[in-house]
Amino acid sequence: MEAPAGKAACSKHIVLVHGACQGGWSWYKVATRLRSAGHRVSTPDLAASGVDPRPLREVPTFRDYTKPLLDLLESLPAGEKVVLVGHSLGGVNIALASELFPEKVAAAVFVTAFMPDSSSPPSYVLEKVYTACTIASAEALHDLSSSIRDYPVCLYASLNSDAETSNLTFVEGRTLDWMDTEFKPQDPEGKLPISMMFGPLVTRANFCQLCSPEDLTLGRSLMRVGSMFVDDLRLQQPYTKARYGSVRKVFIVCKDDRAIVESFQRWMIENYPVDEVMEIDGADHMALFSKPAELASCLADIMEKYD
């Protein structure tokens with residue numbers, strides 16, 4: 001993937017979009033490899049993420065959260081196209097960007113990411129992940145606002161550090177334990193999005209189980225409180241076939257992901273077929289850390305193929 005000796009590689013522009021509670025920093029290994037091969041790489045921090053100074057309470061909607069990415073696309077010169085890459089929740093960000101700027105997107109790449117379709121609200125794939133949520137501690141629920149008690153996603157389960165372990169049933173029968181992840185209300189009225197923070201146990205066990213101890217430490221130290229913005233996304237119209245649907249799409253399956261498990265990744269592909277499916281063996285949810293060379297190679301191939 002290195003640029004030919006004595007000659008810069010044909011420069012393509014790729015935009016790497018991080019997942020919830022992360023920032024552009026999470027792409028550091030992949031971005032370094034792509035830049036060394038001569039590509040232009042952007043790793044924007046979404047609102048209230050990475051080094052973006054805003055607190056989450058100043059980001060009331062998913063579109064507000066996505067605004068740094070939308071501003072980047074809007075600033076592109078006329079006729080320039082980029083390859084958009086979304087990891088995890090970043091898949092919904094690149095879907096929104098593709099809906100608003102389809103003429104500026106050469107391809108949308110979903111790296112073990114949530115991928116909306118063109119027939120349901122963009123919250124659908126988030127809400128579809130789990131069909132049942134068993135909370136062991138009724139006392140913990142009693143102390144939570146109704147907005148959290150009724151929270152339909154149940155993607156990350158431990159409602160607070162004192163609550164007993166919550167088990168989540170995957171749509172295809174797999175049960176997951178999300179241990180010490182927290183949901184918290186940001187305001188008594190429930191007008192702001194529910195905040196979410198991954199705990200150290202779930203990060204190590206289900207997100208970074210194949211990552212180095214150094215990368216686990218880095219990820220934990222740079223993580224910020226985020227949100228899935230499900231209530232807001234449920235109110236949005238489906239992204240359209242004419243715009244979002246017109247953008248070519250690639251899905252990169254991470255086969256050892258314990259967060260967005262392989263069976264659900266493949267369900268999303270079946271639900272909304274893409275132009276190409278790639279696979280990375282031995283990649284956990286944070287393939288950006290655990291398999292950066294393989295992921296960078298996939299992205300370089302995509303940039304070569306999708307102009």
# chains A, B, ... in the order shown; residues from 1 in each chain; ligands from 1
>>> residues_around(residues="range 39-56 of chain A", least_positions_apart="2", cutoff="6 Å", atoms="only C-alpha atoms", output="ChimeraX atom specification")
/A:11-16,23-24,34-35,37,58-59,65-66,68
>>> residues_around(residues="Gly91 in chain A", least_positions_apart="2", cutoff="10 Å", atoms="only C-alpha atoms", output="PyMOL selection string")
chain A and resi 17-19+84-89+93-97+108-116+251
>>> write_last_selection(atoms="N, CA, C and O atoms", output="short mmCIF file (atom, residue, chain, number, x, y, z; two decimals), in the first residue's frame")
data_model
loop_
_atom_site.label_atom_id
_atom_site.label_comp_id
_atom_site.auth_asym_id
_atom_site.auth_seq_id
_atom_site.Cartn_x
_atom_site.Cartn_y
_atom_site.Cartn_z
N VAL A 17 -14.72 8.47 10.05
CA VAL A 17 -15.66 8.97 11.06
C VAL A 17 -15.72 7.99 12.22
O VAL A 17 -15.98 6.79 12.04
N HIS A 18 -15.50 8.49 13.41
CA HIS A 18 -15.41 7.66 14.61
C HIS A 18 -16.78 7.27 15.14
O HIS A 18 -17.83 7.79 14.73
N GLY A 19 -16.77 6.35 16.11
CA GLY A 19 -17.99 5.91 16.76
C GLY A 19 -18.29 6.68 18.03
O GLY A 19 -17.61 7.65 18.38
N LEU A 84 -16.28 8.10 2.23
CA LEU A 84 -16.71 8.28 3.62
C LEU A 84 -16.66 6.93 4.33
O LEU A 84 -17.21 5.95 3.83
N VAL A 85 -16.03 6.89 5.49
CA VAL A 85 -15.91 5.66 6.25
C VAL A 85 -16.46 5.89 7.65
O VAL A 85 -16.04 6.82 8.35
N GLY A 86 -17.41 5.06 8.06
CA GLY A 86 -17.97 5.17 9.39
C GLY A 86 -17.76 3.91 10.20
O GLY A 86 -17.97 2.80 9.69
N HIS A 87 -17.33 4.08 11.44
CA HIS A 87 -17.15 2.95 12.35
C HIS A 87 -18.22 2.99 13.43
O HIS A 87 -18.50 4.05 13.99
N SER A 88 -18.87 1.85 13.68
CA SER A 88 -19.85 1.72 14.74
C SER A 88 -20.99 2.73 14.54
O SER A 88 -21.61 2.75 13.47
N LEU A 89 -21.29 3.60 15.51
CA LEU A 89 -22.35 4.59 15.32
C LEU A 89 -22.02 5.53 14.18
O LEU A 89 -22.93 6.13 13.57
N ASN A 93 -23.80 8.46 10.96
CA ASN A 93 -23.30 9.79 10.55
C ASN A 93 -23.01 9.85 9.06
O ASN A 93 -23.37 10.82 8.38
N ILE A 94 -22.35 8.83 8.51
CA ILE A 94 -22.04 8.87 7.08
C ILE A 94 -23.30 8.65 6.24
O ILE A 94 -23.37 9.12 5.10
N ALA A 95 -24.30 7.97 6.80
CA ALA A 95 -25.56 7.83 6.08
C ALA A 95 -26.26 9.18 5.96
O ALA A 95 -26.75 9.55 4.88
N LEU A 96 -26.29 9.94 7.05
CA LEU A 96 -26.86 11.29 7.00
C LEU A 96 -26.09 12.16 6.02
O LEU A 96 -26.68 12.89 5.21
N ALA A 97 -24.76 12.10 6.07
CA ALA A 97 -23.94 12.90 5.16
C ALA A 97 -24.20 12.51 3.70
O ALA A 97 -24.23 13.37 2.81
N ALA A 108 -19.67 5.05 0.44
CA ALA A 108 -19.87 5.05 1.89
C ALA A 108 -19.47 3.68 2.41
O ALA A 108 -19.99 2.66 1.94
N VAL A 109 -18.53 3.66 3.34
CA VAL A 109 -17.97 2.40 3.84
C VAL A 109 -18.35 2.24 5.30
O VAL A 109 -18.08 3.11 6.13
N PHE A 110 -18.97 1.11 5.62
CA PHE A 110 -19.45 0.83 6.97
C PHE A 110 -18.54 -0.23 7.59
O PHE A 110 -18.53 -1.38 7.16
N VAL A 111 -17.76 0.17 8.59
CA VAL A 111 -16.82 -0.73 9.27
C VAL A 111 -17.49 -1.22 10.55
O VAL A 111 -17.60 -0.46 11.51
N THR A 112 -17.99 -2.45 10.52
CA THR A 112 -18.80 -2.99 11.63
C THR A 112 -19.66 -1.88 12.22
O THR A 112 -19.65 -1.61 13.43
N ALA A 113 -20.44 -1.25 11.35
CA ALA A 113 -21.15 -0.01 11.69
C ALA A 113 -22.64 -0.18 11.50
O ALA A 113 -23.11 -1.01 10.71
N PHE A 114 -23.40 0.62 12.21
CA PHE A 114 -24.84 0.66 12.02
C PHE A 114 -25.14 1.26 10.65
O PHE A 114 -24.66 2.35 10.32
N MET A 115 -25.94 0.55 9.86
CA MET A 115 -26.23 0.97 8.49
C MET A 115 -27.74 1.10 8.31
O MET A 115 -28.46 0.10 8.20
N PRO A 116 -28.26 2.33 8.28
CA PRO A 116 -29.70 2.52 8.05
C PRO A 116 -30.11 2.07 6.65
O PRO A 116 -29.28 1.97 5.74
N PHE A 251 -19.55 -2.74 2.93
CA PHE A 251 -19.60 -3.10 4.35
C PHE A 251 -18.39 -3.97 4.66
O PHE A 251 -18.12 -4.95 3.98
#
>>> residues_around(residues="Thr240 in chain A", least_positions_apart="6", cutoff="12 Å", atoms="only C-alpha atoms", output="PyMOL selection string")
chain A and resi 95-96+98-100+102+116-122+246-247
>>> write_last_selection(atoms="all heavy atoms", output="compact mmCIF listing (two decimals), in the first residue's frame")
# COMPACT_ATOMS: atom_id res chain seq x y z
N ALA A 95 -24.30 7.97 6.80
CA ALA A 95 -25.56 7.83 6.08
C ALA A 95 -26.26 9.18 5.96
O ALA A 95 -26.75 9.55 4.88
CB ALA A 95 -26.46 6.82 6.79
N LEU A 96 -26.29 9.94 7.05
CA LEU A 96 -26.86 11.29 7.00
C LEU A 96 -26.09 12.16 6.02
O LEU A 96 -26.68 12.89 5.21
CB LEU A 96 -26.85 11.91 8.39
CG LEU A 96 -27.27 13.38 8.48
CD1 LEU A 96 -28.68 13.60 7.94
CD2 LEU A 96 -27.15 13.89 9.92
N SER A 98 -24.39 11.23 3.46
CA SER A 98 -24.68 10.76 2.09
C SER A 98 -26.05 11.23 1.62
O SER A 98 -26.25 11.51 0.43
CB SER A 98 -24.61 9.23 2.04
OG SER A 98 -23.31 8.77 2.33
N GLU A 99 -27.00 11.31 2.54
CA GLU A 99 -28.33 11.82 2.21
C GLU A 99 -28.26 13.29 1.81
O GLU A 99 -28.92 13.73 0.86
CB GLU A 99 -29.27 11.63 3.40
CG GLU A 99 -30.62 12.30 3.29
CD GLU A 99 -31.54 11.63 2.28
OE1 GLU A 99 -31.25 10.49 1.85
OE2 GLU A 99 -32.56 12.25 1.91
N LEU A 100 -27.45 14.06 2.53
CA LEU A 100 -27.39 15.51 2.28
C LEU A 100 -26.45 15.89 1.15
O LEU A 100 -26.68 16.89 0.47
CB LEU A 100 -26.97 16.22 3.57
CG LEU A 100 -27.93 16.08 4.75
CD1 LEU A 100 -27.36 16.75 5.99
CD2 LEU A 100 -29.30 16.66 4.41
N PRO A 102 -25.00 13.57 -1.57
CA PRO A 102 -24.69 12.36 -2.34
C PRO A 102 -23.72 12.62 -3.49
O PRO A 102 -22.93 11.73 -3.85
CB PRO A 102 -26.06 11.90 -2.86
CG PRO A 102 -26.90 13.14 -2.86
CD PRO A 102 -26.42 13.93 -1.67
N PRO A 116 -28.26 2.33 8.28
CA PRO A 116 -29.70 2.52 8.05
C PRO A 116 -30.11 2.07 6.65
O PRO A 116 -29.28 1.97 5.74
CB PRO A 116 -29.87 4.04 8.19
CG PRO A 116 -28.66 4.51 8.91
CD PRO A 116 -27.56 3.59 8.51
N ASP A 117 -31.41 1.81 6.49
CA ASP A 117 -31.94 1.51 5.16
C ASP A 117 -32.71 2.72 4.65
O ASP A 117 -32.62 3.81 5.21
CB ASP A 117 -32.80 0.24 5.19
CG ASP A 117 -33.96 0.34 6.18
OD1 ASP A 117 -34.46 1.46 6.43
OD2 ASP A 117 -34.39 -0.71 6.69
N SER A 118 -33.47 2.54 3.58
CA SER A 118 -34.22 3.65 2.98
C SER A 118 -35.72 3.50 3.17
O SER A 118 -36.50 4.16 2.47
CB SER A 118 -33.89 3.75 1.48
OG SER A 118 -32.56 4.14 1.29
N SER A 119 -36.12 2.66 4.11
CA SER A 119 -37.55 2.47 4.32
C SER A 119 -37.98 2.71 5.76
O SER A 119 -39.19 2.76 6.03
CB SER A 119 -37.96 1.04 3.90
OG SER A 119 -37.22 0.07 4.63
N SER A 120 -37.03 2.86 6.67
CA SER A 120 -37.35 3.03 8.09
C SER A 120 -36.62 4.24 8.63
O SER A 120 -35.61 4.68 8.07
CB SER A 120 -36.93 1.78 8.88
OG SER A 120 -37.49 0.61 8.32
N PRO A 121 -37.08 4.80 9.75
CA PRO A 121 -36.32 5.87 10.39
C PRO A 121 -34.90 5.40 10.70
O PRO A 121 -34.66 4.20 10.91
CB PRO A 121 -37.11 6.14 11.68
CG PRO A 121 -38.49 5.66 11.38
CD PRO A 121 -38.33 4.49 10.47
N PRO A 122 -33.94 6.30 10.72
CA PRO A 122 -32.55 5.89 10.93
C PRO A 122 -32.29 5.23 12.28
O PRO A 122 -31.27 4.58 12.47
CB PRO A 122 -31.75 7.19 10.77
CG PRO A 122 -32.75 8.29 10.84
CD PRO A 122 -34.04 7.74 10.40
N SER A 246 -28.57 6.30 -3.60
CA SER A 246 -27.80 6.37 -4.84
C SER A 246 -26.29 6.24 -4.61
O SER A 246 -25.53 6.05 -5.56
CB SER A 246 -28.07 7.70 -5.54
OG SER A 246 -27.51 8.79 -4.81
N VAL A 247 -25.86 6.33 -3.36
CA VAL A 247 -24.43 6.28 -3.04
C VAL A 247 -23.98 4.82 -2.97
O VAL A 247 -24.63 3.99 -2.32
CB VAL A 247 -24.16 7.00 -1.70
CG1 VAL A 247 -22.71 6.81 -1.28
CG2 VAL A 247 -24.49 8.48 -1.82
>>> residues_around(residues="Val105 in chain A", least_positions_apart="2", cutoff="6 Å", atoms="only C-alpha atoms", output="PDB file with all heavy atoms, in the first residue's frame")
ATOM      1  N   LYS A  81     -14.995  14.492  -4.803  1.00  0.00           N
ATOM      2  CA  LYS A  81     -15.686  13.430  -4.072  1.00  0.00           C
ATOM      3  C   LYS A  81     -14.738  12.803  -3.068  1.00  0.00           C
ATOM      4  O   LYS A  81     -13.535  12.757  -3.271  1.00  0.00           O
ATOM      5  CB  LYS A  81     -16.199  12.345  -5.032  1.00  0.00           C
ATOM      6  CG  LYS A  81     -17.364  12.766  -5.902  1.00  0.00           C
ATOM      7  CD  LYS A  81     -17.943  11.572  -6.635  1.00  0.00           C
ATOM      8  CE  LYS A  81     -19.211  11.937  -7.399  1.00  0.00           C
ATOM      9  NZ  LYS A  81     -19.861  10.736  -7.995  1.00  0.00           N
ATOM     10  N   VAL A  82     -15.325  12.302  -1.975  1.00  0.00           N
ATOM     11  CA  VAL A  82     -14.534  11.636  -0.947  1.00  0.00           C
ATOM     12  C   VAL A  82     -15.112  10.242  -0.705  1.00  0.00           C
ATOM     13  O   VAL A  82     -16.279   9.967  -0.999  1.00  0.00           O
ATOM     14  CB  VAL A  82     -14.528  12.425   0.378  1.00  0.00           C
ATOM     15  CG1 VAL A  82     -13.945  13.817   0.176  1.00  0.00           C
ATOM     16  CG2 VAL A  82     -15.933  12.513   0.975  1.00  0.00           C
ATOM     17  N   VAL A  83     -14.273   9.377  -0.168  1.00  0.00           N
ATOM     18  CA  VAL A  83     -14.742   8.108   0.369  1.00  0.00           C
ATOM     19  C   VAL A  83     -15.044   8.336   1.843  1.00  0.00           C
ATOM     20  O   VAL A  83     -14.169   8.758   2.602  1.00  0.00           O
ATOM     21  CB  VAL A  83     -13.697   6.995   0.190  1.00  0.00           C
ATOM     22  CG1 VAL A  83     -14.125   5.733   0.939  1.00  0.00           C
ATOM     23  CG2 VAL A  83     -13.505   6.684  -1.287  1.00  0.00           C
ATOM     24  N   PRO A 102     -24.998  13.571  -1.573  1.00  0.00           N
ATOM     25  CA  PRO A 102     -24.687  12.361  -2.344  1.00  0.00           C
ATOM     26  C   PRO A 102     -23.716  12.615  -3.488  1.00  0.00           C
ATOM     27  O   PRO A 102     -22.932  11.728  -3.850  1.00  0.00           O
ATOM     28  CB  PRO A 102     -26.061  11.903  -2.857  1.00  0.00           C
ATOM     29  CG  PRO A 102     -26.902  13.143  -2.859  1.00  0.00           C
ATOM     30  CD  PRO A 102     -26.421  13.931  -1.674  1.00  0.00           C
ATOM     31  N   GLU A 103     -23.740  13.818  -4.026  1.00  0.00           N
ATOM     32  CA  GLU A 103     -22.868  14.146  -5.155  1.00  0.00           C
ATOM     33  C   GLU A 103     -21.411  14.282  -4.720  1.00  0.00           C
ATOM     34  O   GLU A 103     -20.505  14.306  -5.583  1.00  0.00           O
ATOM     35  CB  GLU A 103     -23.336  15.448  -5.814  1.00  0.00           C
ATOM     36  CG  GLU A 103     -23.081  16.726  -5.027  1.00  0.00           C
ATOM     37  CD  GLU A 103     -24.021  16.970  -3.850  1.00  0.00           C
ATOM     38  OE1 GLU A 103     -24.968  16.155  -3.668  1.00  0.00           O
ATOM     39  OE2 GLU A 103     -23.825  17.968  -3.128  1.00  0.00           O
ATOM     40  N   ALA A 107     -18.045   6.752  -2.238  1.00  0.00           N
ATOM     41  CA  ALA A 107     -18.526   5.512  -1.630  1.00  0.00           C
ATOM     42  C   ALA A 107     -18.690   5.739  -0.137  1.00  0.00           C
ATOM     43  O   ALA A 107     -17.959   6.528   0.464  1.00  0.00           O
ATOM     44  CB  ALA A 107     -17.562   4.364  -1.889  1.00  0.00           C
TER      45      ALA A 107
END
>>> residues_around(residues="Ala293 in chain A", least_positions_apart="4", cutoff="9 Å", atoms="only C-alpha atoms", output="list in words")
Lys29, Val30, Arg33, Leu288, Ser297 and Cys298 of chain A
>>> write_last_selection(atoms="N, CA, C and O atoms", output="CSV table (one decimal), in the first residue's frame")
chain,number,residue,atom,x,y,z
A,29,LYS,N,-3.9,4.7,13.8
A,29,LYS,CA,-3.1,3.7,13.1
A,29,LYS,C,-3.4,3.6,11.6
A,29,LYS,O,-2.6,3.5,10.8
A,30,VAL,N,-4.7,3.6,11.4
A,30,VAL,CA,-5.2,3.5,10.0
A,30,VAL,C,-4.8,4.8,9.2
A,30,VAL,O,-4.4,4.7,8.0
A,33,ARG,N,-1.2,4.9,8.1
A,33,ARG,CA,-0.9,4.0,7.0
A,33,ARG,C,-1.4,4.6,5.7
A,33,ARG,O,-0.7,4.6,4.6
A,288,LEU,N,-9.9,-0.8,14.2
A,288,LEU,CA,-9.0,0.3,14.0
A,288,LEU,C,-7.7,0.1,14.8
A,288,LEU,O,-6.6,0.6,14.4
A,297,SER,N,-5.7,-1.6,4.3
A,297,SER,CA,-5.6,-2.3,3.0
A,297,SER,C,-6.9,-2.3,2.3
A,297,SER,O,-7.1,-2.1,1.1
A,298,CYS,N,-8.0,-2.7,3.1
A,298,CYS,CA,-9.3,-2.7,2.5
A,298,CYS,C,-9.7,-1.3,2.0
A,298,CYS,O,-10.3,-1.2,0.9
>>> atom_distance(atom1="CA of Tyr272 in chain A", atom2="CA of Asn206 in chain A")
25.6 Å
>>> residues_around(residues="Glu262 in chain A", least_positions_apart="6", cutoff="7 Å", atoms="only C-alpha atoms", output="PyMOL selection string")
chain A and resi 253-255
>>> write_last_selection(atoms="C-alpha atoms", output="tab-separated table (two decimals), in the first residue's frame")
chain	number	residue	atom	x	y	z
A	253	VAL	CA	-17.41	-7.27	8.43
A	254	CYS	CA	-15.28	-7.67	11.56
A	255	LYS	CA	-15.66	-11.33	12.36
>>> closest_residue(among="A:Asp231, A:Glu214, A:Asp281, A:Asp257", to="Ser195 in chain A", atoms="only C-alpha atoms")
A:Asp231
>>> atom_distance(atom1="CA of Glu80 in chain A", atom2="CA of Ile302 in chain A")
16.6 Å
>>> residues_around(residues="Arg204 in chain A", least_positions_apart="4", cutoff="12 Å", atoms="only C-alpha atoms", output="list of chain:residue names")
A:Trp178, A:Met179, A:Asp180, A:Thr181, A:Phe198, A:Gly199, A:Pro200, A:Cys208, A:Gln209, A:Leu210, A:Cys211, A:Ser212, A:Pro213, A:Glu214, A:Asp215, A:Leu216, A:Thr217, A:Leu218, A:Gly219, A:Arg220, A:Arg258, A:Ala259, A:Asp284, A:His285, A:Met286
>>> closest_residue(among="A:Trp25, A:Ala106, A:Ser36, A:Asp71", to="Met303 in chain A", atoms="only C-alpha atoms")
A:Ala106
>>> closest_residue(among="A:Phe101, A:Lys184, A:Cys21, A:Pro292", to="Ala242 in chain A", atoms="only C-alpha atoms")
A:Phe101
>>> atom_distance(atom1="CA of Pro60 in chain A", atom2="CA of Pro188 in chain A")
14.4 Å
